[in-house]
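*Asks:* Input: one structure, supplied below.
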Amino acid sequence: TVNPDLTELYIRRLIQGSGTEGSSHFLQEGQVLDHHASCTSLYKKPFVESFEETPLLVAVLTYMGYGILTIFGYLRDFLRDWKFEKCHLAREREEQKDFVPLYQDFENFYTRNLYMRIRDNWNRPICSVPGAKMDLLERVTPDYNWTFEHTGNVLKDVINMGSYNYLGFAENTGTCADAASECTVKYGVGVSSTRQEIGNLDKHEELEILVARFLGVESSMAFGMGFATNSMNIPALTGKGCLILSDELNHASLVLGARLSGSTIRVFKHNNMQSLEKLLRDAIVHGQPRTHRPWKKILILVEGIYSMEGSIVRLPEVIALKKKYKAYLYLDEAHSIGALGPRGRGVVDYFGLDPSDVDIMMGTFTKSFGAAGGYIGGKKELIDYLRLHSHSTVYATSMSPPIIQQIITSMKCIMGEDGSTLGELCQLSENTTYFRRRLHEMGFIIYGNNDSPVVPLMLYMPAKIGAFGREMLKRNIGTVVVGFPATPIIESRARFCVSAAHTREMLDKALNAISEVGDLLQLKYSRKNRHGNEGSDSFSFLESHQD
Amino acid sequence: MASGQQWVLVEMVQAFYEAPAYHLILEGILILWIIRLLFSKTYKLQERSDLTEKEKEELIEEWQPEPLVPLVSKDHPSLNYDVVTGFVSAVSGHISEEMNLPPSHKIIVNGKECVNFASFNFLGLLESERVKLKALSSLKKYGVGTCGPRGFYGTFDVHLELEERLAKFMRTEEAIIYSYGFATIASAIPAYSKRGDIIFVDEAACFSIQKGLQASRSFIKYFKHNDMEDLERLLKEQEIEDQKNPRKAKVIRRFIVIEGLYINTADLCPLPELVKLKYKYKVRIFLEESMSFGVLGEHGRGVTEHFGVNIDDIDLISANMENALASIGGFCCGRSFVIDHQRLSGQGYCFSASLPPMLAAAAIEALNIMEEDPGLFRVLRDKCKHVHKALQGTPGLKVVGEPLAPALHLQLENSSGSRTDDLKLLRAIVDYSLDRQIALTLARYLDKEERFLPPPSIRVVVTVEQTQEEIERAAQCIRQAAEKILK
């Protein structure tokens, strides 16, 4: 159930808190934890990531919040059981009452008593392009979020800080949309067959050649769904007797793929190279558990930008480790492709590295390219093997032609092959810097790398998740808020995705609203201003703006 | 009671006084030993290595991993896919006016014009002008991508409309859409069935079901294909097992996972018997209908309509929208009690970008066409019977599948004993037909990954667009090929 977990976490947290409070170590942690590159020689520019420590008081209050919610949850459940309160939950059919319950009641405790209170912040239906501004359908709930009704009104021109539209290619006019509609006329929307059978259009081949060129790899392959690209290809690469080393914050699709592969999985601390190296050493020295046979191969799974933390993988160090220990590297660039690097080629480009050092380059077309699907790029042997053994090519319907066209056109645009300049890329990085800087100045705790367009703003308390989302929508700004289980239990947050399509005016409007809501909900937790900013040159802008 | 306990205590103290010294010392040592054990650091077996740093370095230096992937020979038969393109035709004799036709009924395979007997385009909606127009107008409104998962501004009004329409079409309470057909049942199964639960599965179940089973980490019990006695045997076994431990049995969920029309064998599941077993043994039924949705039944509602089974008796129905609906994605439908659970637990639903709105719009229009013209399904049924009949008596090849199945298999009557050789023979028949304007394809499988690998076969897909004449021509072509190649 939820309760013991909560208590356990709470106790552990208290022990940790009291354990470090007295020591000088705590003071250090109370300030910003700036992970300066430990191997500075590997980095060509400053790599600044901050994860400011959760203030102790906030942590305690957050746990209390969950405690109160849990107690109330039990009370409400009790009332529902005794029919004092109307239960809106869908019920099992009478005929099947004596079956084993489809899901345990306590599994749904969280959904029923916590999520339901703030459910209106998710799944908000939109009825326009998910561009820099969007239109939302207005919803009302007559029964505290159990059901929603559409009023028929449309909330016009809500500033969209939630969609992964990094380069602003989500458009219904312009070259991409035109090309896609031309393609629809020529090819239709469906394919109704698989790549290996009779669903391999010339368009698919065209896309794959382009993607390989874009990534700077020998060959590539495209798939219809980003999630499935991970979950259906990792099993083709590793199997029994292989070891997968996976970052603890990896996306569900990577976790599922690793699990389906049947390999042994070990998890290292998020972006922590000491932890990764220790696992690598131990793995090679000790071999497989029990049998002590050497591992057949070791695959490291990392992401480019972590979508909930806004952190960027320490790729130069990962590559150094991978080379030292002869492991293979699988890099998931779902959020970073197009969004990072001077040429938009993702995290490899960002660090100025050689794409051939990454064995498997994976990414999605959903985000920066405004389309759908995913790809894998790498050596020709790898792709040839996948063409034969990927689950996706044999069993899944191939990609829809207009989606392919959208990717081709937007990718050519990023590559500057349509004659345009790289305006979007500069705009995105400018917007990111500006937005992150302003939030810092306002005194919010924001996570992640200074260059990451994914900007998590810490809310911590469960009640503030709902309040923040609603208050922002009142001010005509659409944001994403996330809480447990997508984040650790006390680290609920709001997440902004900066886009090249945002104008300075939109960003200012959003920032003003965030500041206003931040004051209202007392979200300006950061204590960095008070302590000054020793040890961090890159935050020198704070000096000019101390309040 | 209390006085009794007191007595014991007094006796103990007495015994303590009377015990000899060596006894007390021994016990004291034992107690100290236990305390030591309690407080000593636990160690992992692994870490108790006596290797020096240098030896470790040597081991690391020595270790050579296997290559990431084994080398693939350049002339592997399935390495080079057939390349398909659309059709450019002159409109009614005017050479100057050219019209682009999507690759659907007529396609160009590797540069050769063919009639398509291979795509699962049962209702011929791939090239429907109406579907195309609807998709285009959706594209004008929403652009192409959704740029987010359903939870984070990836829910469009079209998605809600499509879900509502699918639920209405299937006459169920609720439907949920996925952005990828393969991911639908593969996500739905692990959303309910967890470690310790039991799933009874037909041996012929398709690959996406197998992946769903694997992801669920439940106990999997395979029963022989469409063999209800075998299934009942397994259910009975489980019942006996349950009686041994009734408390455990109370929390073990059980599911039967079946397909309506099996893609691997092209035959129907005995649904009425399965429903009987469901209530007898209190097992839930998950039904995958990718091949039968939009095909079977008076209105194309699938195998439930075909058998006249109450759809509420099936706990969950899943199908993809890539075959009959000729769009992309998949859906699950059933009672809200069941389906709603996936909105937070279906991995492929929660963690994936939502379906591009233009594809959802295309699916809605396809549904419109299906609702307006139930005659389509009758036409399809007649064509299926026609093809099934026309292919009978092909020398050396046997037709596998029901007469009403739209995707049949042609298998070798006499296998050469080697799968590779069989595949070569069948591929030769496919190539022969391709040269004569009939597009066929081999049914492809991952040989090593399939739980029960089906025998090699040629897929023959029936669509409403195939004319009598084309069907006759295809059957004749296959017959000639078989005569020539199989002898």
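Just remember, in the structure tokens the first chain shown is A, the second B, etc., residues are 1-based per chain, and ligands are 1-based in the order shown.
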Which parts of range 276-318 of chain A does DSSP call strand (DSSP E) when run on the backbone here, written out as a PyMOL selection string?
*Replies:* chain A and resi 298-303
*Asks:* Could you list, as a ChimeraX atom specification, every residue within 9 Å of range 460-463 of chain A, counting only C-alpha atoms and ignoring same-chain residues fewer than 2 positions away?
*Replies:* /A:54,58-59,61-63,65-66,69,114,118,458,465-468,483-484,489-493,523
*Asks:* Which is closest to chain B among A:Leu42, A:Ala501, A:Ile71, A:Val191, if we use only C-alpha atoms?
*Replies:*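 Going through A:Leu42, A:Ala501, A:Ile71, A:Val191 one by one, the smallest distance to chain B is for A:Val191.
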*Asks:* Find the residues near range 180-192 of chain B: any atom within 7 Å, counting only C-alpha atoms, skip ones fewer than 5 places away on the same chain, and give them as a VMD selection string.
*Replies:* (chain A and resid 102 to 103 225 396) or (chain B and resid 208 to 209 211 to 213 215 to 216 318 320 to 322 328 to 331 342 345 to 348)
*Asks:* Of the candidates B:Ala361, B:Ser179, B:Leu68, B:Arg171, which one gets nearest to Asp359 in chain A if we count only C-alpha atoms?
*Replies:*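 With only C-alpha atoms as the atom set, the closest residue is B:Leu68.
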*Asks:* Mind checking which residues fall within 8 Å of range 379-387 of chain A, counting only C-alpha atoms, ignoring those fewer than 2 positions away in the same chain, and posting them as a ChimeraX atom specification?
*Replies:* /A:217-221,233,236,356,359,376-377,389-390,393 /B:68-72,79
*Asks:* DSSP on the backbone, then: every residue of range 68-150 of chain B marked helix (DSSP H, G or I), written as an mmCIF file with N, CA, C and O atoms, in the first residue's frame.
*Replies:*
data_model
loop_
_atom_site.group_PDB
_atom_site.id
_atom_site.type_symbol
_atom_site.label_atom_id
_atom_site.label_comp_id
_atom_site.auth_asym_id
_atom_site.auth_seq_id
_atom_site.Cartn_x
_atom_site.Cartn_y
_atom_site.Cartn_z
ATOM 1 N N LEU B 125 -9.612 0.691 -48.161
ATOM 2 C CA LEU B 125 -9.691 2.092 -47.741
ATOM 3 C C LEU B 125 -8.373 2.843 -47.884
ATOM 4 O O LEU B 125 -8.324 4.049 -47.673
ATOM 5 N N LEU B 126 -7.312 2.124 -48.255
ATOM 6 C CA LEU B 126 -6.023 2.801 -48.394
ATOM 7 C C LEU B 126 -6.088 3.928 -49.410
ATOM 8 O O LEU B 126 -5.420 4.934 -49.286
ATOM 9 N N GLU B 127 -6.881 3.732 -50.455
ATOM 10 C CA GLU B 127 -6.887 4.775 -51.478
ATOM 11 C C GLU B 127 -8.210 5.539 -51.497
ATOM 12 O O GLU B 127 -8.512 6.235 -52.456
ATOM 13 N N GLU B 129 -10.742 8.219 -51.393
ATOM 14 C CA GLU B 129 -10.632 9.667 -51.576
ATOM 15 C C GLU B 129 -11.169 10.384 -50.330
ATOM 16 O O GLU B 129 -10.603 11.371 -49.867
ATOM 17 N N ARG B 130 -12.256 9.852 -49.788
ATOM 18 C CA ARG B 130 -12.872 10.476 -48.611
ATOM 19 C C ARG B 130 -11.924 10.501 -47.426
ATOM 20 O O ARG B 130 -11.791 11.502 -46.737
ATOM 21 N N VAL B 131 -11.266 9.348 -47.214
ATOM 22 C CA VAL B 131 -10.329 9.256 -46.094
ATOM 23 C C VAL B 131 -9.204 10.268 -46.279
ATOM 24 O O VAL B 131 -8.813 10.986 -45.362
ATOM 25 N N LYS B 132 -8.732 10.326 -47.519
ATOM 26 C CA LYS B 132 -7.625 11.235 -47.820
ATOM 27 C C LYS B 132 -8.021 12.681 -47.546
ATOM 28 O O LYS B 132 -7.266 13.437 -46.925
ATOM 29 N N LEU B 133 -9.203 13.061 -48.000
ATOM 30 C CA LEU B 133 -9.647 14.453 -47.820
ATOM 31 C C LEU B 133 -9.780 14.796 -46.342
ATOM 32 O O LEU B 133 -9.386 15.870 -45.899
ATOM 33 N N LYS B 134 -10.335 13.850 -45.600
ATOM 34 C CA LYS B 134 -10.496 14.089 -44.159
ATOM 35 C C LYS B 134 -9.128 14.266 -43.493
ATOM 36 O O LYS B 134 -8.935 15.160 -42.669
ATOM 37 N N ALA B 135 -8.178 13.420 -43.902
ATOM 38 C CA ALA B 135 -6.832 13.522 -43.346
ATOM 39 C C ALA B 135 -6.217 14.866 -43.700
ATOM 40 O O ALA B 135 -5.581 15.517 -42.867
ATOM 41 N N LEU B 136 -6.436 15.300 -44.931
ATOM 42 C CA LEU B 136 -5.867 16.566 -45.373
ATOM 43 C C LEU B 136 -6.449 17.738 -44.594
ATOM 44 O O LEU B 136 -5.721 18.650 -44.195
ATOM 45 N N SER B 137 -7.759 17.693 -44.374
ATOM 46 C CA SER B 137 -8.339 18.839 -43.675
ATOM 47 C C SER B 137 -7.886 18.836 -42.209
ATOM 48 O O SER B 137 -7.703 19.896 -41.608
ATOM 49 N N SER B 138 -7.664 17.644 -41.662
ATOM 50 C CA SER B 138 -7.134 17.573 -40.307
ATOM 51 C C SER B 138 -5.703 18.120 -40.273
ATOM 52 O O SER B 138 -5.312 18.832 -39.349
ATOM 53 N N LEU B 139 -4.940 17.779 -41.281
ATOM 54 C CA LEU B 139 -3.561 18.283 -41.378
ATOM 55 C C LEU B 139 -3.550 19.812 -41.418
ATOM 56 O O LEU B 139 -2.719 20.462 -40.791
ATOM 57 N N LYS B 140 -4.507 20.382 -42.135
ATOM 58 C CA LYS B 140 -4.590 21.842 -42.230
ATOM 59 C C LYS B 140 -4.879 22.455 -40.883
ATOM 60 O O LYS B 140 -4.487 23.578 -40.590
ATOM 61 N N LYS B 141 -5.625 21.727 -40.044
ATOM 62 C CA LYS B 141 -5.997 22.296 -38.760
ATOM 63 C C LYS B 141 -4.933 22.061 -37.689
ATOM 64 O O LYS B 141 -4.624 22.956 -36.908
ATOM 65 N N TYR B 142 -4.372 20.846 -37.654
ATOM 66 C CA TYR B 142 -3.530 20.481 -36.515
ATOM 67 C C TYR B 142 -2.045 20.332 -36.833
ATOM 68 O O TYR B 142 -1.244 20.131 -35.930
ATOM 69 N N ARG B 150 -0.338 11.703 -24.313
ATOM 70 C CA ARG B 150 -1.716 12.080 -24.066
ATOM 71 C C ARG B 150 -1.849 12.972 -22.825
ATOM 72 O O ARG B 150 -2.636 13.912 -22.815
#
*Asks:* Nearest residue to Glu470 in chain B out of B:Ala390, B:Cys147, B:Ile220, B:Cys333, using only C-alpha atoms?
*Replies:*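 Selected residue with least distance to Glu470 in chain B: B:Ala390.
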*Asks:* Of the candidates A:Ser398, A:Ser410, A:Thr238, A:Thr479, which shows the shortest atom-to-atom distance to Pro65 in chain B, using only C-alpha atoms?
*Replies:* A:Thr238
*Asks:* Looking at B:His388, B:Asp422, B:Asn264, B:Leu486, which one is nearest to Tyr445 in chain B, with distances taken over only C-alpha atoms?
*Replies:*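 Going through B:His388, B:Asp422, B:Asn264, B:Leu486 one by one, the smallest distance to Tyr445 in chain B is for B:Asn264.
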